[in-house]
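Everything on this sheet refers to the single structure shown next.
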Amino acid sequence: MTEKVNISPVEDFDWDAYEKGDTKRDKSREELTKTYDESLNTVKDKEVIEGTIIALNKREAVVNIGYKSDGIIPMNEFRYNPDLKVGDTVEVFIENQEDKKGQLILSHRKARAARSWERINEALENDEIIKGYIKCRTKGGMIVDVFGIEAFLPGSQIDVRPIRDYDIFVGKTMEFKVVKINQEFKNVVVSHKALIEAELEQQKRDIIAKLEKGQVLEGTVKNITSYGVFIDLGGVDGLIHITDLSWGRVNHPEEVVQLDQKLNVVILDFDDEKKRIALGLKQLLPHPWDALDSELKVGDKVKGKVVVMTDYGAFVEIAPGVEGLIHVSEMSWSQHLRSAQDFMKVGDEVEAVVLNLDRDDRKMSLGIKQLKNDPWENIETKYPLGSKHTAKVRNFTNFGVFVEIEEGVDGLIHISDLSWTKKVKHPSEFTQIGSEIDVQVLEIDKEQRRLSLGHKQLEENPWDVFETVFTVGSVHEGTITEMVEKGAVIALPYGVEGFATPKHLVKEDGTQAQVDEKLNFKVIEFNKDSKRIIVSHSRIFEDEAKAEQKETRKAKRATKRAEETPALTTPLEKTTLGDLDALAQLKEKLSGE
């Protein structure tokens with residue numbers, strides 16, 4: 001049943017005028033329209049005013065600005081404010097009062113931008129907390145939309161704790177404080193950490209006031225560095241240095257702790273203002289030296305792992321936190337100066353002998369050469385005088401070659417004992433480091449642990465033969481191999497070298513002999529002991545000239561005697577014949593008397 005509604009007619013309605021189409025009615029309509037328009041807000045294009053959200057959905061927001069139609073704004077312009085709701089007042093920019101479809105065109109983004117710089121500066125001056133939308137990551141931090149301006153949020157200003165994953169903040173709306181504005185370049189820097197620090201400041205004061213040395217607290221691993229671990233004690237940070245993490249060797253703190261791990265620590269020290277807090281972890285555990293076997297003594301053998309290498313030795317961990325040093329001098333019986341890296345490396349498992357043990361100072365000295373017999377104990381038996389061996393060249397000096405016959409048994413070959421014939425200026429001309437060389441034991445110095453060795457003694461002395469070949473006055477063909485300050489070196493037969501002074505290098509034509517020139521040389525001096533042969537080229541033709549001169553003088557003397565002999569013979573013959581009778585008479589007279 002339909003409810004009846006009583007409708008009463010308008011008493012003063014002019015039906016006649018209505019039927020006649022009287023224009024007074026139209027004038028009344030215009031008046032009504034004018035009155036309606038006057039009741040609405042008067043707006044202008046490109047103006048910023050406030051409006052009210054009257055409807056929301058996922059894509060857009062409907063805003064009433066008191067105009068004859070409502071405006072629609074895309075929701076992505078409000079993404080910085082996820083708490084937007086119906087009834088909120090927002091700023092809008094009137095782009096167009098009426099488009100082709102009669103729609104009011106509004107923009108919230110442009111409205112924010114119109115006043116953004118002014119509001120940013122107000123927020124800095126008033127230390128105001130503002131909201132911003134984190135748009136994306138960038139180098140060193142994040143880009144934040146604040147009032148429509150892109151501000152920079154440094155990574156260090158996101159939180160009081162180090163951030164390991166920046167991506168989790170992208171798309172979030174957070175509260176910030178403006179910390180810096182560059183008016184010239186329109187750059188803005190914001191911080192979220194500043195808000196947190198203010199809240200934590202009171203917590204820090206409460207915690208720091210209660211700190212005492214030796215106090216044990218629970219903390220959380222906040223950050224791990226190569227030198228230590230930062231622990232969050234509930235608003236206050238402390239540092240466990242790498243040396244206070246464990247009684248044993250720690251190469252990197254990550255071997256002991258992990259990020260976000262909760263653990264108990266002890267307060268070791270802090271400064272007067274209690275801003276730097278030194279923490280310890282190993283101090284909560286008993287020292288491993290206290291648990292070391294009480295029966296361990298000098299001379300015992302131990303096994304361990306090399307944990308640290310230096311040039312002077314190796315540190316070996318025989319138990320967690322218990323280390324001993326093997327000095328390089330205790331690694332080999334050899335007297336050679338060598339690096340510890342020549343014998344072992346980090347990670348090697350080694351056996352050693354305890355040489356020194358100081359439980360009070362927690363120090364231990366170890367040795368590995370003691371595991372082998374000292375080769376010098378029976379050196380005379382193993383390497384007697386005159387015995388021949390093969391050695392390895394270890395080092396050179398200007399006066400000889402250091403060699404090693406076996407590990408720990410070293411010897412020296414003097415440069416004069418390398419070759420019978422070749423004059424060696426430096427051992428590197430004769431051999432090289434690492435090479436093997438045959439030697440003969442010449443002398444044993446057990447006290448100094450040195451052997452005098454020779455190489456040339458393995459062969460017969462060729463100078464015994466050379467003495468019969470290169471006799472003084474003999475002539476041999478030779479080649480000038482080298483010019484030196486005082487003369488020249490001459491290569492003679494059988495690999496022998498001779499020496500000639502400059503005056504003995506003058507040729508018959510008066511010129512000087514040169515390197516690589518092949519000439520005849522006469523031996524003018526032979527010294528077997530010093531292995532020296534002095535030769536001369538000029539002496540050859542000089543001696544020939546002297547011989548010729550001698551022969552010439554001899555011939556002249558013979559000619560002269562031949563010429564003088566007839567003159568003396570003639571008068572003698574005359575005298576003899578003339579006095580024969582007188583002589584006979586004198587003889588008879590004498591006989592008679």
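Convention: chains lettered A, B, ... in structure tokens order; per-chain residue numbering from 1; ligands numbered from 1 as shown.
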
For Val316 in chain A, please output as a CSV table (one decimal) with N, CA, C and O atoms, in the first residue's frame all residues within 8 Å (counting only C-alpha atoms; exclusion window: fewer than 2 positions along the same chain).
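This went into part03.csv:
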```
chain,number,residue,atom,x,y,z
A,304,GLY,N,102.4,-29.4,17.0
A,304,GLY,CA,101.6,-28.3,16.9
A,304,GLY,C,101.4,-27.8,15.5
A,304,GLY,O,101.9,-28.4,14.5
A,305,LYS,N,100.7,-26.7,15.3
A,305,LYS,CA,100.4,-26.1,14.0
A,305,LYS,C,101.0,-24.7,13.9
A,305,LYS,O,100.9,-23.9,14.8
A,306,VAL,N,101.7,-24.5,12.8
A,306,VAL,CA,102.3,-23.1,12.6
A,306,VAL,C,101.2,-22.1,12.4
A,306,VAL,O,100.4,-22.3,11.4
A,307,VAL,N,101.2,-21.1,13.2
A,307,VAL,CA,100.1,-20.1,13.1
A,307,VAL,C,100.6,-18.7,12.6
A,307,VAL,O,99.8,-18.0,12.0
A,308,VAL,N,101.9,-18.5,12.9
A,308,VAL,CA,102.4,-17.2,12.4
A,308,VAL,C,103.9,-17.4,12.0
A,308,VAL,O,104.6,-18.1,12.6
A,314,ALA,N,109.1,-19.1,13.7
A,314,ALA,CA,107.7,-19.5,13.5
A,314,ALA,C,107.1,-19.7,14.9
A,314,ALA,O,107.7,-20.3,15.8
A,318,ILE,N,100.6,-25.3,20.2
A,318,ILE,CA,100.6,-26.7,20.6
A,318,ILE,C,99.3,-27.1,21.3
A,318,ILE,O,99.0,-28.2,21.5
A,323,GLU,N,101.4,-21.1,22.7
A,323,GLU,CA,102.2,-21.1,21.6
A,323,GLU,C,103.7,-21.1,22.0
A,323,GLU,O,104.0,-20.7,23.1
A,324,GLY,N,104.5,-21.7,21.1
A,324,GLY,CA,106.0,-21.7,21.3
A,324,GLY,C,106.6,-21.1,20.1
A,324,GLY,O,106.1,-21.2,19.0
A,325,LEU,N,107.8,-20.5,20.3
A,325,LEU,CA,108.6,-20.0,19.2
A,325,LEU,C,109.7,-20.9,18.8
A,325,LEU,O,110.5,-21.3,19.6
A,326,ILE,N,109.8,-21.2,17.5
A,326,ILE,CA,110.9,-21.9,16.9
A,326,ILE,C,111.8,-20.9,16.2
A,326,ILE,O,111.4,-20.4,15.2
```

**OP:** Give me the residues within 12 Å of Gln514 in chain A as a PyMOL selection string, counting only C-alpha atoms and dropping any in the same chain fewer than 4 places off.
**Re:** chain A and resi 479-484+487-490+502+505-507+518-519

**OP:** Give the alpha helix (DSSP H) residues of range 195-263 of chain A, as DSSP finds them on the backbone, and put them as a list in words.
**Re:** Leu195, Ile196, Glu197, Ala198, Glu199, Leu200, Glu201, Gln202, Gln203, Lys204, Arg205, Asp206, Ile207 and Ile208 of chain A

Selected residues written out, all heavy atoms, as an mmCIF file, in the first residue's frame:
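Final output, saved to selection-v1.cif:
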```cif
data_model
loop_
_atom_site.group_PDB
_atom_site.id
_atom_site.type_symbol
_atom_site.label_atom_id
_atom_site.label_comp_id
_atom_site.auth_asym_id
_atom_site.auth_seq_id
_atom_site.Cartn_x
_atom_site.Cartn_y
_atom_site.Cartn_z
ATOM 1 N N LEU A 195 66.710 11.510 14.793
ATOM 2 C CA LEU A 195 65.533 11.292 15.633
ATOM 3 C C LEU A 195 65.802 10.184 16.641
ATOM 4 O O LEU A 195 65.409 10.273 17.807
ATOM 5 C CB LEU A 195 64.329 10.922 14.763
ATOM 6 C CG LEU A 195 63.918 11.951 13.694
ATOM 7 C CD1 LEU A 195 62.761 11.416 12.869
ATOM 8 C CD2 LEU A 195 63.532 13.265 14.352
ATOM 9 N N ILE A 196 66.496 9.129 16.156
ATOM 10 C CA ILE A 196 66.762 7.979 17.031
ATOM 11 C C ILE A 196 67.769 8.356 18.113
ATOM 12 O O ILE A 196 67.639 7.960 19.271
ATOM 13 C CB ILE A 196 67.296 6.793 16.205
ATOM 14 C CG1 ILE A 196 66.299 6.434 15.101
ATOM 15 C CG2 ILE A 196 67.553 5.584 17.081
ATOM 16 C CD1 ILE A 196 66.795 5.374 14.152
ATOM 17 N N GLU A 197 68.794 9.125 17.725
ATOM 18 C CA GLU A 197 69.842 9.496 18.679
ATOM 19 C C GLU A 197 69.273 10.283 19.856
ATOM 20 O O GLU A 197 69.712 10.100 21.002
ATOM 21 C CB GLU A 197 70.922 10.312 17.987
ATOM 22 C CG GLU A 197 71.812 9.492 17.078
ATOM 23 C CD GLU A 197 72.845 10.322 16.353
ATOM 24 O OE1 GLU A 197 72.601 11.528 16.160
ATOM 25 O OE2 GLU A 197 73.885 9.758 15.989
ATOM 26 N N ALA A 198 68.315 11.112 19.553
ATOM 27 C CA ALA A 198 67.715 11.886 20.634
ATOM 28 C C ALA A 198 67.034 10.965 21.640
ATOM 29 O O ALA A 198 67.092 11.178 22.856
ATOM 30 C CB ALA A 198 66.711 12.883 20.057
ATOM 31 N N GLU A 199 66.386 9.899 21.136
ATOM 32 C CA GLU A 199 65.709 8.954 22.020
ATOM 33 C C GLU A 199 66.709 8.113 22.807
ATOM 34 O O GLU A 199 66.484 7.750 23.961
ATOM 35 C CB GLU A 199 64.798 8.039 21.195
ATOM 36 C CG GLU A 199 63.692 8.779 20.466
ATOM 37 C CD GLU A 199 62.905 7.855 19.545
ATOM 38 O OE1 GLU A 199 63.210 6.636 19.550
ATOM 39 O OE2 GLU A 199 62.012 8.332 18.844
ATOM 40 N N LEU A 200 67.847 7.789 22.145
ATOM 41 C CA LEU A 200 68.832 6.922 22.786
ATOM 42 C C LEU A 200 69.731 7.654 23.775
ATOM 43 O O LEU A 200 70.396 7.007 24.592
ATOM 44 C CB LEU A 200 69.713 6.262 21.713
ATOM 45 C CG LEU A 200 69.022 5.262 20.784
ATOM 46 C CD1 LEU A 200 70.020 4.764 19.746
ATOM 47 C CD2 LEU A 200 68.450 4.094 21.574
ATOM 48 N N GLU A 201 69.778 8.969 23.657
ATOM 49 C CA GLU A 201 70.687 9.728 24.503
ATOM 50 C C GLU A 201 70.423 9.485 25.986
ATOM 51 O O GLU A 201 71.345 9.295 26.783
ATOM 52 C CB GLU A 201 70.565 11.223 24.176
ATOM 53 C CG GLU A 201 71.669 12.075 24.762
ATOM 54 C CD GLU A 201 73.042 11.664 24.254
ATOM 55 O OE1 GLU A 201 73.149 11.283 23.072
ATOM 56 O OE2 GLU A 201 73.993 11.717 25.054
ATOM 57 N N GLN A 202 69.161 9.470 26.345
ATOM 58 C CA GLN A 202 68.819 9.240 27.742
ATOM 59 C C GLN A 202 69.173 7.824 28.161
ATOM 60 O O GLN A 202 69.678 7.586 29.267
ATOM 61 C CB GLN A 202 67.321 9.506 27.967
ATOM 62 C CG GLN A 202 66.889 9.382 29.428
ATOM 63 C CD GLN A 202 67.639 10.337 30.342
ATOM 64 O OE1 GLN A 202 67.841 11.504 29.999
ATOM 65 N NE2 GLN A 202 68.055 9.849 31.508
ATOM 66 N N GLN A 203 68.919 6.858 27.247
ATOM 67 C CA GLN A 203 69.276 5.472 27.545
ATOM 68 C C GLN A 203 70.789 5.352 27.775
ATOM 69 O O GLN A 203 71.236 4.630 28.670
ATOM 70 C CB GLN A 203 68.859 4.550 26.395
ATOM 71 C CG GLN A 203 67.353 4.507 26.178
ATOM 72 C CD GLN A 203 67.003 3.585 25.011
ATOM 73 O OE1 GLN A 203 67.732 2.660 24.693
ATOM 74 N NE2 GLN A 203 65.866 3.866 24.376
ATOM 75 N N LYS A 204 71.571 6.037 26.935
ATOM 76 C CA LYS A 204 73.019 5.986 27.083
ATOM 77 C C LYS A 204 73.454 6.522 28.442
ATOM 78 O O LYS A 204 74.313 5.942 29.116
ATOM 79 C CB LYS A 204 73.693 6.807 25.974
ATOM 80 C CG LYS A 204 73.650 6.160 24.606
ATOM 81 C CD LYS A 204 74.421 7.010 23.608
ATOM 82 C CE LYS A 204 74.399 6.363 22.232
ATOM 83 N NZ LYS A 204 75.168 7.158 21.244
ATOM 84 N N ARG A 205 72.877 7.631 28.826
ATOM 85 C CA ARG A 205 73.261 8.225 30.102
ATOM 86 C C ARG A 205 72.988 7.264 31.256
ATOM 87 O O ARG A 205 73.784 7.135 32.189
ATOM 88 C CB ARG A 205 72.517 9.547 30.308
ATOM 89 C CG ARG A 205 73.084 10.706 29.494
ATOM 90 C CD ARG A 205 72.558 12.038 30.006
ATOM 91 N NE ARG A 205 71.132 12.184 29.713
ATOM 92 C CZ ARG A 205 70.656 12.767 28.614
ATOM 93 N NH1 ARG A 205 71.484 13.235 27.698
ATOM 94 N NH2 ARG A 205 69.360 12.874 28.425
ATOM 95 N N ASP A 206 71.863 6.580 31.171
ATOM 96 C CA ASP A 206 71.510 5.636 32.231
ATOM 97 C C ASP A 206 72.480 4.459 32.266
ATOM 98 O O ASP A 206 72.901 4.006 33.339
ATOM 99 C CB ASP A 206 70.083 5.123 32.021
ATOM 100 C CG ASP A 206 69.056 6.244 32.162
ATOM 101 O OD1 ASP A 206 69.400 7.275 32.779
ATOM 102 O OD2 ASP A 206 67.929 6.073 31.647
ATOM 103 N N ILE A 207 72.865 3.951 31.059
ATOM 104 C CA ILE A 207 73.761 2.790 30.996
ATOM 105 C C ILE A 207 75.166 3.177 31.429
ATOM 106 O O ILE A 207 75.800 2.494 32.240
ATOM 107 C CB ILE A 207 73.781 2.207 29.570
ATOM 108 C CG1 ILE A 207 72.402 1.640 29.221
ATOM 109 C CG2 ILE A 207 74.841 1.129 29.436
ATOM 110 C CD1 ILE A 207 72.273 1.216 27.769
ATOM 111 N N ILE A 208 75.679 4.306 30.905
ATOM 112 C CA ILE A 208 77.055 4.729 31.191
ATOM 113 C C ILE A 208 77.246 5.010 32.674
ATOM 114 O O ILE A 208 78.297 4.727 33.251
ATOM 115 C CB ILE A 208 77.410 5.972 30.343
ATOM 116 C CG1 ILE A 208 77.550 5.561 28.869
ATOM 117 C CG2 ILE A 208 78.688 6.621 30.836
ATOM 118 C CD1 ILE A 208 77.774 6.723 27.924
#
```

Expected answer as a JSON list (two decimals) with N, CA and C atoms, in the first residue's frame: strand (DSSP E or B) residues in range 365-511 of chain A:
```
[["chain", "number", "residue", "atom", "x", "y", "z"],
["A", 365, "SER", "N", 110.13, -21.86, 24.21],
["A", 365, "SER", "CA", 111.01, -21.92, 23.05],
["A", 365, "SER", "C", 111.08, -23.37, 22.58],
["A", 366, "LEU", "N", 111.01, -23.54, 21.25],
["A", 366, "LEU", "CA", 111.02, -24.88, 20.66],
["A", 366, "LEU", "C", 112.14, -24.99, 19.64],
["A", 367, "GLY", "N", 112.48, -26.21, 19.29],
["A", 367, "GLY", "CA", 113.49, -26.46, 18.26],
["A", 367, "GLY", "C", 113.15, -27.72, 17.49],
["A", 388, "LYS", "N", 136.56, -37.07, -0.74],
["A", 388, "LYS", "CA", 135.93, -36.35, -1.85],
["A", 388, "LYS", "C", 134.41, -36.45, -1.73],
["A", 389, "HIS", "N", 133.71, -35.31, -2.03],
["A", 389, "HIS", "CA", 132.27, -35.25, -1.87],
["A", 389, "HIS", "C", 131.67, -34.32, -2.93],
["A", 390, "THR", "N", 130.35, -34.38, -3.03],
["A", 390, "THR", "CA", 129.62, -33.46, -3.91],
["A", 390, "THR", "C", 128.84, -32.49, -3.03],
["A", 391, "ALA", "N", 128.98, -31.19, -3.27],
["A", 391, "ALA", "CA", 128.34, -30.16, -2.45],
["A", 391, "ALA", "C", 127.47, -29.26, -3.33],
["A", 392, "LYS", "N", 126.60, -28.48, -2.66],
["A", 392, "LYS", "CA", 125.74, -27.53, -3.37],
["A", 392, "LYS", "C", 126.19, -26.11, -3.06],
["A", 393, "VAL", "N", 126.33, -25.30, -4.10],
["A", 393, "VAL", "CA", 126.77, -23.90, -3.93],
["A", 393, "VAL", "C", 125.64, -23.10, -3.28],
["A", 394, "ARG", "N", 125.97, -22.45, -2.14],
["A", 394, "ARG", "CA", 124.98, -21.68, -1.39],
["A", 394, "ARG", "C", 125.16, -20.18, -1.53],
["A", 395, "ASN", "N", 126.41, -19.74, -1.58],
["A", 395, "ASN", "CA", 126.63, -18.29, -1.60],
["A", 395, "ASN", "C", 128.03, -17.98, -2.13],
["A", 396, "PHE", "N", 128.22, -16.73, -2.60],
["A", 396, "PHE", "CA", 129.50, -16.27, -3.11],
["A", 396, "PHE", "C", 130.04, -15.15, -2.22],
["A", 397, "THR", "N", 131.37, -15.07, -2.16],
["A", 397, "THR", "CA", 132.05, -13.89, -1.65],
["A", 397, "THR", "C", 133.17, -13.57, -2.63],
["A", 400, "GLY", "N", 135.78, -16.45, -2.23],
["A", 400, "GLY", "CA", 135.51, -17.87, -2.36],
["A", 400, "GLY", "C", 134.04, -18.22, -2.50],
["A", 401, "VAL", "N", 133.79, -19.54, -2.38],
["A", 401, "VAL", "CA", 132.44, -20.08, -2.56],
["A", 401, "VAL", "C", 132.04, -20.84, -1.29],
["A", 402, "PHE", "N", 130.87, -20.50, -0.72],
["A", 402, "PHE", "CA", 130.33, -21.25, 0.41],
["A", 402, "PHE", "C", 129.44, -22.36, -0.14],
["A", 403, "VAL", "N", 129.70, -23.57, 0.32],
["A", 403, "VAL", "CA", 128.93, -24.72, -0.17],
["A", 403, "VAL", "C", 128.41, -25.50, 1.03],
["A", 404, "GLU", "N", 127.41, -26.35, 0.76],
["A", 404, "GLU", "CA", 126.82, -27.19, 1.78],
["A", 404, "GLU", "C", 126.88, -28.63, 1.31],
["A", 405, "ILE", "N", 127.61, -29.46, 2.10],
["A", 405, "ILE", "CA", 127.72, -30.88, 1.72],
["A", 405, "ILE", "C", 126.45, -31.62, 2.12],
["A", 406, "GLU", "N", 125.93, -31.29, 3.29],
["A", 406, "GLU", "CA", 124.63, -31.80, 3.74],
["A", 406, "GLU", "C", 124.06, -30.76, 4.70],
["A", 409, "VAL", "N", 126.26, -29.00, 7.39],
["A", 409, "VAL", "CA", 127.71, -29.14, 7.15],
["A", 409, "VAL", "C", 128.09, -28.20, 6.01],
["A", 410, "ASP", "N", 128.72, -27.09, 6.37],
["A", 410, "ASP", "CA", 129.09, -26.07, 5.39],
["A", 410, "ASP", "C", 130.60, -26.03, 5.23],
["A", 411, "GLY", "N", 131.02, -25.54, 4.09],
["A", 411, "GLY", "CA", 132.45, -25.40, 3.85],
["A", 411, "GLY", "C", 132.73, -24.26, 2.91],
["A", 412, "LEU", "N", 134.01, -23.86, 2.84],
["A", 412, "LEU", "CA", 134.44, -22.77, 1.97],
["A", 412, "LEU", "C", 135.50, -23.26, 1.00],
["A", 413, "ILE", "N", 135.27, -22.99, -0.28],
["A", 413, "ILE", "CA", 136.30, -23.23, -1.30],
["A", 413, "ILE", "C", 136.93, -21.87, -1.60],
["A", 414, "HIS", "N", 138.20, -21.72, -1.24],
["A", 414, "HIS", "CA", 138.87, -20.45, -1.53],
["A", 414, "HIS", "C", 139.00, -20.29, -3.03],
["A", 436, "GLU", "N", 125.79, -27.92, -8.31],
["A", 436, "GLU", "CA", 126.59, -28.88, -7.56],
["A", 436, "GLU", "C", 128.04, -28.79, -8.01],
["A", 437, "ILE", "N", 128.96, -29.04, -7.05],
["A", 437, "ILE", "CA", 130.38, -28.96, -7.34],
["A", 437, "ILE", "C", 131.11, -30.04, -6.54],
["A", 438, "ASP", "N", 132.07, -30.69, -7.15],
["A", 438, "ASP", "CA", 132.87, -31.72, -6.47],
["A", 438, "ASP", "C", 133.96, -31.04, -5.64],
["A", 439, "VAL", "N", 134.14, -31.55, -4.42],
["A", 439, "VAL", "CA", 135.10, -30.94, -3.50],
["A", 439, "VAL", "C", 135.93, -32.01, -2.80],
["A", 440, "GLN", "N", 137.06, -31.56, -2.25],
["A", 440, "GLN", "CA", 137.91, -32.42, -1.43],
["A", 440, "GLN", "C", 138.16, -31.69, -0.12],
["A", 441, "VAL", "N", 138.07, -32.43, 1.00],
["A", 441, "VAL", "CA", 138.26, -31.84, 2.32],
["A", 441, "VAL", "C", 139.74, -31.56, 2.51],
["A", 442, "LEU", "N", 140.08, -30.28, 2.76],
["A", 442, "LEU", "CA", 141.47, -29.86, 2.97],
["A", 442, "LEU", "C", 141.77, -29.62, 4.45],
["A", 443, "GLU", "N", 140.76, -29.13, 5.20],
["A", 443, "GLU", "CA", 140.99, -28.80, 6.60],
["A", 443, "GLU", "C", 139.66, -28.84, 7.35],
["A", 444, "ILE", "N", 139.67, -29.26, 8.64],
["A", 444, "ILE", "CA", 138.47, -29.34, 9.46],
["A", 444, "ILE", "C", 138.65, -28.44, 10.68],
["A", 445, "ASP", "N", 137.68, -27.50, 10.86],
["A", 445, "ASP", "CA", 137.66, -26.64, 12.05],
["A", 445, "ASP", "C", 136.37, -26.97, 12.81],
["A", 450, "ARG", "N", 133.44, -25.34, 10.49],
["A", 450, "ARG", "CA", 133.76, -24.96, 9.12],
["A", 450, "ARG", "C", 134.70, -25.98, 8.51],
["A", 451, "LEU", "N", 134.51, -26.22, 7.23],
["A", 451, "LEU", "CA", 135.41, -27.07, 6.45],
["A", 451, "LEU", "C", 136.10, -26.22, 5.40],
["A", 452, "SER", "N", 137.42, -26.43, 5.24],
["A", 452, "SER", "CA", 138.11, -25.82, 4.11],
["A", 452, "SER", "C", 138.14, -26.86, 3.00],
["A", 453, "LEU", "N", 137.65, -26.48, 1.86],
["A", 453, "LEU", "CA", 137.49, -27.42, 0.74],
["A", 453, "LEU", "C", 138.25, -26.94, -0.47],
["A", 454, "GLY", "N", 138.53, -27.85, -1.36],
["A", 454, "GLY", "CA", 139.17, -27.51, -2.62],
["A", 454, "GLY", "C", 138.51, -28.22, -3.77],
["A", 475, "VAL", "N", 159.67, -20.59, -27.31],
["A", 475, "VAL", "CA", 158.75, -19.72, -28.06],
["A", 475, "VAL", "C", 157.47, -20.50, -28.33],
["A", 476, "HIS", "N", 156.29, -19.83, -28.07],
["A", 476, "HIS", "CA", 154.97, -20.46, -28.26],
["A", 476, "HIS", "C", 154.03, -19.46, -28.92],
["A", 477, "GLU", "N", 153.12, -20.02, -29.67],
["A", 477, "GLU", "CA", 152.12, -19.16, -30.31],
["A", 477, "GLU", "C", 151.04, -18.82, -29.27],
["A", 478, "GLY", "N", 150.62, -17.59, -29.23],
["A", 478, "GLY", "CA", 149.59, -17.16, -28.28],
["A", 478, "GLY", "C", 148.69, -16.09, -28.86],
["A", 479, "THR", "N", 147.53, -15.91, -28.19],
["A", 479, "THR", "CA", 146.54, -14.91, -28.64],
["A", 479, "THR", "C", 146.27, -13.94, -27.50],
["A", 480, "ILE", "N", 146.28, -12.67, -27.83],
["A", 480, "ILE", "CA", 145.98, -11.65, -26.82],
["A", 480, "ILE", "C", 144.48, -11.66, -26.56],
["A", 481, "THR", "N", 144.08, -12.01, -25.31],
["A", 481, "THR", "CA", 142.65, -12.12, -24.98],
["A", 481, "THR", "C", 142.12, -10.90, -24.24],
["A", 482, "GLU", "N", 142.99, -10.17, -23.56],
["A", 482, "GLU", "CA", 142.50, -9.06, -22.76],
["A", 482, "GLU", "C", 143.62, -8.06, -22.51],
["A", 483, "MET", "N", 143.28, -6.79, -22.63],
["A", 483, "MET", "CA", 144.22, -5.72, -22.32],
["A", 483, "MET", "C", 143.89, -5.18, -20.93],
["A", 484, "VAL", "N", 144.89, -5.16, -20.05],
["A", 484, "VAL", "CA", 144.70, -4.64, -18.71],
["A", 484, "VAL", "C", 145.61, -3.44, -18.50],
["A", 487, "GLY", "N", 149.40, -4.35, -18.81],
["A", 487, "GLY", "CA", 149.83, -5.19, -19.92],
["A", 487, "GLY", "C", 148.69, -5.94, -20.56],
["A", 488, "ALA", "N", 148.96, -7.20, -20.94],
["A", 488, "ALA", "CA", 147.96, -7.98, -21.65],
["A", 488, "ALA", "C", 148.02, -9.42, -21.18],
["A", 489, "VAL", "N", 146.82, -10.08, -21.23],
["A", 489, "VAL", "CA", 146.72, -11.51, -20.92],
["A", 489, "VAL", "C", 146.83, -12.27, -22.23],
["A", 490, "ILE", "N", 147.71, -13.28, -22.23],
["A", 490, "ILE", "CA", 147.97, -14.05, -23.46],
["A", 490, "ILE", "C", 147.50, -15.48, -23.25],
["A", 491, "ALA", "N", 146.65, -15.97, -24.15],
["A", 491, "ALA", "CA", 146.21, -17.36, -24.11],
["A", 491, "ALA", "C", 147.25, -18.21, -24.82],
["A", 497, "GLU", "N", 147.53, -19.33, -19.29],
["A", 497, "GLU", "CA", 147.55, -17.89, -19.57],
["A", 497, "GLU", "C", 148.91, -17.32, -19.19],
["A", 498, "GLY", "N", 149.41, -16.44, -20.04],
["A", 498, "GLY", "CA", 150.64, -15.73, -19.77],
["A", 498, "GLY", "C", 150.38, -14.25, -19.68],
["A", 499, "PHE", "N", 151.40, -13.52, -19.28],
["A", 499, "PHE", "CA", 151.23, -12.07, -19.14],
["A", 499, "PHE", "C", 152.42, -11.37, -19.79],
["A", 500, "ALA", "N", 152.12, -10.28, -20.51],
["A", 500, "ALA", "CA", 153.15, -9.49, -21.18],
["A", 500, "ALA", "C", 152.95, -8.02, -20.86],
["A", 506, "VAL", "N", 155.43, -4.71, -28.28],
["A", 506, "VAL", "CA", 155.80, -3.92, -29.47],
["A", 506, "VAL", "C", 156.25, -4.87, -30.58]]
```

Original post:
Excluding same-chain residues fewer than 4 positions from Val62 in chain A, what lies within 7 Å of it counting only C-alpha atoms, as number ranges by chain?
Top reply: A: 53-56, 70-73
